[in-house]
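Undergrad: After the structure tokens below, expect a handful of questions from me.
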Amino acid sequence: MTDISFEAQMLHTPYEKPDAYNALSMPIYQSVAYEFETATAMEDAFCARTTDHTYSRITNPTVQYFENRVRKASGANNVTAVNSGMAAISNTFFTLAYAGANIVTSPHLFGNTYAFFKNTLTGFDVDIRFCDLTNLDEVRSKVDDKTCGIFLEVITNPQMEVADLKALAAIAHATGAPLIADTTIIPFSTFHANNFGVDIEVISSTKYISGGATGLGGLILDYGTFNWSHHKILKMWQGPLGTEAFTTRMRREIHRNIGAYMIPQAAYMQTLGLETLDLRFRRQASTTLELAKRLESLEGIVSVNYTGLENNPFYAISKEQFGDLPGAMLTFDLASREACFSLIDHVKLIRRATNLFDNKSLIIHPASTIYGTFPESVRKSMHLKQETIRLSVGLESTDDLYNDISQAIKAS
Ligand SMILES: *Cc1c(COP(=O)(O)O)cnc(C)c1O
């Protein structure tokens with residue numbers, strides 16, 4: 001079934017084993033452990049000679065079903081579901097990094113990712129080399145034979161910067177490192193990261209996939225396109241194919257030791273989320289594009305930042321990589337921090353909350369919240385402005401949102 005639509009594929013992925021009651025929805029297997037007929041069968045399962053489930057920190061049937069659907073939808077070789085986007089990022093880099101290694105990335109990162117790199121990984125003697133990923137000469141000057149990955153967010157938040165993935169993949173691969181992308185902002189229903197040279201994709205499924213912000217989740221997609229034979233540690237995990245070392249080490253060692261596997265209820269909810277992912281995304285993103293255009297001429301708004309606008313500096317590369325609908329988040333600048341606070345205080349429909357891609361539209365002032373405890377010098381280096389408001393666009397109509405923002409500006 002490869003010639004059916006994305007939506008149809010999301011609805012009709014078969015189960016690994018027939019359900020005893022022919023349930024039409026994948027049951028939630030709320031069990032920690034699994035029973036065996038014999039000691040030998042137990043030995044075989046625990047020693048990975050069979051794929052039987054043993055313990056739900058390692059695998060679980062409901063979670064595995066969700067992983068299989070994501071694998072089919074994305075074309076990845078291996079998918080691992082974990083219990084948050086940060087667990088996806090930390091599992092990935094605990095698998096790749098080692099003392100003495102370096103990671104080349106941008107300072108334009110999600111707050112916790114930045115802190116994980118800067119505060120946590122550096123404590124394990126991993127060198128974090130921040131640079132401008134849109135300046136390829138600068139990237140080339142940062143990579144070397146200890147680079148264990150180039151990492152980026154495909155549209156940075158809230159700066160909305162888009163780097164050229166194919167160009168970064170060429171630099172990464174020439175130096176012997178994988179390209180790793182956080183694609184939370186553009187789902188795999190429209191953006192095929194591996195076609196642009198991304199080897200490993202990490203996603204906060206808390207956002208688009210969960211469907212209505214029902215729970216936390218994270219995904220690690222390994223496309224099996226990178227050869228690990230020169231990686232200091234992963235070369236020891238290499239099998240006959242030469243490309244499976246990353247997932248093998250992560251599943252057999254890192255992920256069970258960290259203990260952040262997805263829980264079965266979350267996998268159930270997120271499987272439902274997958275079924276409407278493409279519909280929700282298209283609706284939310286087209287509302288965002290229309291709203292961005294209308295906000296540009298609204299009095300009181302200094303500038304609107306959305307890479308789907310033709311005057312955006314990243315319009316061309318964004319269109320090449322993500323098509324006409326680059327996501328359902330935009331930012332806009334007002335004259336001052338006070339104006340931002342006042343607008344946020346006066347919205348009536350849009351909700352004052354963090355998170356992205358809930359069905360409800362959400363508004364936040366990033367500099368004082370997500371990055372509020374960062375020193376001002378760090379905020380400056382991350383190009384975070386006090387004048388910026390972030391809006392995550394939900395399922396309301398464009399008129400609903402435009403009217404709410406314009407009444408809030410008038411009232412403030
Ligand atoms: C939210 C987010 C994360 C972290 O995800 P959690 O599920 O909250 O742990 C990572 N990257 C990006 C781009 C995000 O938006």
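We label chains A, B, ... in the order they appear in the structure tokens, count residues from 1 in each chain, and number ligands from 1 in the order shown.
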Can you pull out every residue from region 242-273 of chain A that DSSP, working from the backbone, puts in helix (DSSP H, G or I), and format the result as a compact mmCIF listing (two decimals) with N, CA, C and O atoms, in the first residue's frame?

TA:
```txt
# COMPACT_ATOMS: atom_id res chain seq x y z
N ALA A 245 24.13 1.52 13.23
CA ALA A 245 24.77 1.65 14.55
C ALA A 245 24.07 2.66 15.47
O ALA A 245 23.99 2.44 16.67
N PHE A 246 23.59 3.76 14.92
CA PHE A 246 22.98 4.79 15.76
C PHE A 246 21.78 4.25 16.52
O PHE A 246 21.72 4.29 17.75
N THR A 247 20.82 3.69 15.76
CA THR A 247 19.62 3.19 16.43
C THR A 247 19.95 2.00 17.31
O THR A 247 19.38 1.84 18.40
N THR A 248 20.88 1.15 16.88
CA THR A 248 21.21 -0.02 17.69
C THR A 248 21.76 0.40 19.05
O THR A 248 21.29 -0.07 20.09
N ARG A 249 22.72 1.33 19.06
CA ARG A 249 23.26 1.74 20.36
C ARG A 249 22.18 2.46 21.17
O ARG A 249 22.06 2.22 22.39
N MET A 250 21.42 3.31 20.49
CA MET A 250 20.40 4.04 21.24
C MET A 250 19.39 3.08 21.88
O MET A 250 19.08 3.19 23.06
N ARG A 251 18.89 2.12 21.11
CA ARG A 251 17.85 1.23 21.64
C ARG A 251 18.42 0.24 22.65
O ARG A 251 17.77 -0.11 23.64
N ARG A 252 19.63 -0.27 22.41
CA ARG A 252 20.16 -1.31 23.30
C ARG A 252 20.82 -0.74 24.54
O ARG A 252 20.96 -1.43 25.54
N GLU A 253 21.30 0.53 24.46
CA GLU A 253 22.03 1.06 25.61
C GLU A 253 21.41 2.35 26.16
O GLU A 253 20.88 2.36 27.27
N ILE A 254 21.46 3.41 25.36
CA ILE A 254 21.14 4.74 25.88
C ILE A 254 19.69 4.85 26.36
O ILE A 254 19.41 5.24 27.49
N HIS A 255 18.76 4.50 25.49
CA HIS A 255 17.36 4.78 25.78
C HIS A 255 16.84 3.96 26.97
O HIS A 255 16.08 4.45 27.79
N ARG A 256 17.32 2.73 27.12
CA ARG A 256 16.85 1.97 28.28
C ARG A 256 17.54 2.42 29.56
O ARG A 256 16.99 2.26 30.64
N ASN A 257 18.73 3.03 29.44
CA ASN A 257 19.41 3.54 30.63
C ASN A 257 18.86 4.89 31.07
O ASN A 257 18.77 5.17 32.26
N ILE A 258 18.51 5.71 30.11
CA ILE A 258 17.90 7.00 30.47
C ILE A 258 16.47 6.76 30.98
O ILE A 258 16.03 7.40 31.93
N PRO A 264 2.13 4.19 27.02
CA PRO A 264 1.13 3.73 26.05
C PRO A 264 -0.06 4.66 25.84
O PRO A 264 -0.54 4.79 24.72
N GLN A 265 -0.52 5.38 26.88
CA GLN A 265 -1.64 6.32 26.66
C GLN A 265 -1.24 7.41 25.69
O GLN A 265 -2.03 7.82 24.84
N ALA A 266 -0.01 7.91 25.85
CA ALA A 266 0.45 8.98 24.95
C ALA A 266 0.53 8.44 23.52
O ALA A 266 0.14 9.12 22.57
N ALA A 267 1.00 7.20 23.37
CA ALA A 267 1.11 6.61 22.03
C ALA A 267 -0.28 6.47 21.40
O ALA A 267 -0.47 6.70 20.20
N TYR A 268 -1.26 6.11 22.21
CA TYR A 268 -2.63 5.98 21.72
C TYR A 268 -3.16 7.34 21.24
O TYR A 268 -3.67 7.47 20.12
N MET A 269 -3.00 8.38 22.08
CA MET A 269 -3.49 9.71 21.72
C MET A 269 -2.76 10.24 20.48
O MET A 269 -3.35 10.87 19.61
N GLN A 270 -1.47 9.99 20.41
CA GLN A 270 -0.69 10.54 19.30
C GLN A 270 -0.93 9.76 18.01
O GLN A 270 -0.78 10.31 16.92
N THR A 271 -1.34 8.50 18.13
CA THR A 271 -1.75 7.76 16.93
C THR A 271 -3.02 8.39 16.36
O THR A 271 -3.14 8.58 15.15
N LEU A 272 -3.95 8.75 17.24
CA LEU A 272 -5.14 9.48 16.79
C LEU A 272 -4.75 10.81 16.16
O LEU A 272 -5.30 11.22 15.13
N GLY A 273 -3.78 11.47 16.79
CA GLY A 273 -3.30 12.76 16.26
C GLY A 273 -2.76 12.61 14.85
O GLY A 273 -3.00 13.47 13.99
```

Undergrad: Hey, could you make a per-residue contact list for chain A against ligand 1 with 6 Å as the cut-off, showing the nearest pair of atoms and its distance in Å to one decimal, counting only C-alpha atoms and all ligand atoms, sorted by chain and number, as a tab-separated table?

TA:
```
residue	atom	partner	partner_atom_place_in_ligand_line	distance
A:Ser84	CA	ligand 1	7 (O)	3.9
A:Gly85	CA	ligand 1	5 (O)	3.4
A:Met86	CA	ligand 1	9 (O)	3.8
A:Phe110	CA	ligand 1	11 (N)	5.4
A:Thr184	CA	ligand 1	13 (C)	5.1
A:Ser204	CA	ligand 1	5 (O)	4.4
A:Thr206	CA	ligand 1	7 (O)	4.8
A:Leu216	CA	ligand 1	7 (O)	5.3
A:Gly217	CA	ligand 1	7 (O)	5.4
A:Gly218	CA	ligand 1	7 (O)	5.9
```

Undergrad: For the residues in the current selection, export N, CA, C and O atoms as a CSV table (one decimal), in the first residue's frame.

TA:
```csv
chain,number,residue,atom,x,y,z
A,84,SER,N,9.2,12.9,25.5
A,84,SER,CA,9.1,14.4,25.3
A,84,SER,C,10.1,14.7,24.1
A,84,SER,O,10.9,13.9,23.8
A,85,GLY,N,9.9,15.9,23.6
A,85,GLY,CA,10.9,16.4,22.6
A,85,GLY,C,12.3,16.4,23.2
A,85,GLY,O,13.3,16.1,22.5
A,86,MET,N,12.4,16.9,24.4
A,86,MET,CA,13.7,17.0,25.0
A,86,MET,C,14.3,15.6,25.2
A,86,MET,O,15.5,15.4,25.1
A,110,PHE,N,15.7,26.3,20.6
A,110,PHE,CA,14.7,26.1,21.6
A,110,PHE,C,15.4,26.2,23.0
A,110,PHE,O,16.5,25.7,23.1
A,184,THR,N,10.3,19.8,14.4
A,184,THR,CA,9.1,20.0,15.1
A,184,THR,C,8.1,21.0,14.4
A,184,THR,O,6.9,20.8,14.4
A,204,SER,N,9.4,17.1,18.6
A,204,SER,CA,8.6,17.2,19.8
A,204,SER,C,7.2,16.9,19.3
A,204,SER,O,6.5,17.7,18.7
A,206,THR,N,4.8,16.5,21.0
A,206,THR,CA,3.9,17.3,21.9
A,206,THR,C,3.1,18.3,21.1
A,206,THR,O,2.0,18.7,21.4
A,216,LEU,N,2.6,15.0,26.3
A,216,LEU,CA,4.0,15.1,25.8
A,216,LEU,C,4.4,13.9,25.0
A,216,LEU,O,4.0,12.8,25.2
A,217,GLY,N,5.4,14.2,24.1
A,217,GLY,CA,6.0,13.0,23.3
A,217,GLY,C,7.1,13.5,22.5
A,217,GLY,O,7.2,14.7,22.2
A,218,GLY,N,8.0,12.6,22.1
A,218,GLY,CA,9.1,12.9,21.2
A,218,GLY,C,9.4,11.7,20.3
A,218,GLY,O,9.0,10.6,20.6
```

Undergrad: Please, what distance in Å, to one decimal, runs between CA of Asn135 (chain A) and CA of Ile89 (chain A)?

TA: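 Value for the CA of Asn135 (chain A)-CA of Ile89 (chain A) distance: 24.1 Å.
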
Undergrad: Please compute the CA of Gln407 (chain A)-CA of Gly327 (chain A) distance, one decimal, in Å.

TA: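 So the answer is 25.0 Å.
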
Undergrad: Which residue is closest to Tyr29 (chain A)? Choose from A:Lys410, A:Ala45, A:His53, A:His346 and count only C-alpha atoms.

TA: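 Going through A:Lys410, A:Ala45, A:His53, A:His346 one by one, the smallest distance to Tyr29 (chain A) is for A:His53.
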
Undergrad: Show me, as a count of residues only, the residues that have an atom within 12 Å of Phe188 (chain A) when counting only C-alpha atoms, minus same-chain residues fewer than 2 positions from it.

TA: 35

Undergrad: So which one's closest to Thr80 (chain A), A:Asp222, A:Asp52, A:Glu37, A:Asp399? Using only C-alpha atoms, please.

TA: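 Closest candidate: A:Asp222.
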
Undergrad: Could you list, as JSON, numbers by chain, every residue within 10 Å of Glu290 (chain A), counting only C-alpha atoms and ignoring same-chain residues fewer than 3 positions away?

TA: {"A": [285, 286, 287, 293, 294, 295, 308, 309, 398, 399, 402]}

Undergrad: Write to file, as a PDB file, in the first residue's frame, the residues of the selection just made, with C-alpha atoms.

TA:
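Saved file again.pdb follows:
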```pdb
ATOM      1  CA  ALA A 285      -0.709  26.892   8.110  1.00  0.00           C
ATOM      2  CA  SER A 286      -2.973  28.462   5.492  1.00  0.00           C
ATOM      3  CA  THR A 287      -4.640  30.554   8.214  1.00  0.00           C
ATOM      4  CA  LYS A 293      -0.339  39.113   5.195  1.00  0.00           C
ATOM      5  CA  ARG A 294      -3.155  40.974   6.927  1.00  0.00           C
ATOM      6  CA  LEU A 295      -1.131  41.776  10.070  1.00  0.00           C
ATOM      7  CA  GLY A 308       5.873  32.299   3.760  1.00  0.00           C
ATOM      8  CA  LEU A 309       5.793  36.083   3.136  1.00  0.00           C
ATOM      9  CA  THR A 398      -8.360  34.124  10.083  1.00  0.00           C
ATOM     10  CA  ASP A 399     -11.051  36.726  10.865  1.00  0.00           C
ATOM     11  CA  TYR A 402      -7.218  39.200  13.089  1.00  0.00           C
TER      12      TYR A 402
END
```

Undergrad: Which one of A:Gly176, A:Pro187, A:Pro158, A:Gly197 sits closest to Arg390 (chain A) if you count only C-alpha atoms?

TA: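 Closest candidate: A:Pro158.
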
Undergrad: Using only C-alpha atoms, pick whichever of A:Trp228, A:Tyr55, A:Tyr98, A:Tyr15 has the shortest atom-to-atom distance to Gln30 (chain A).

TA: A:Tyr55
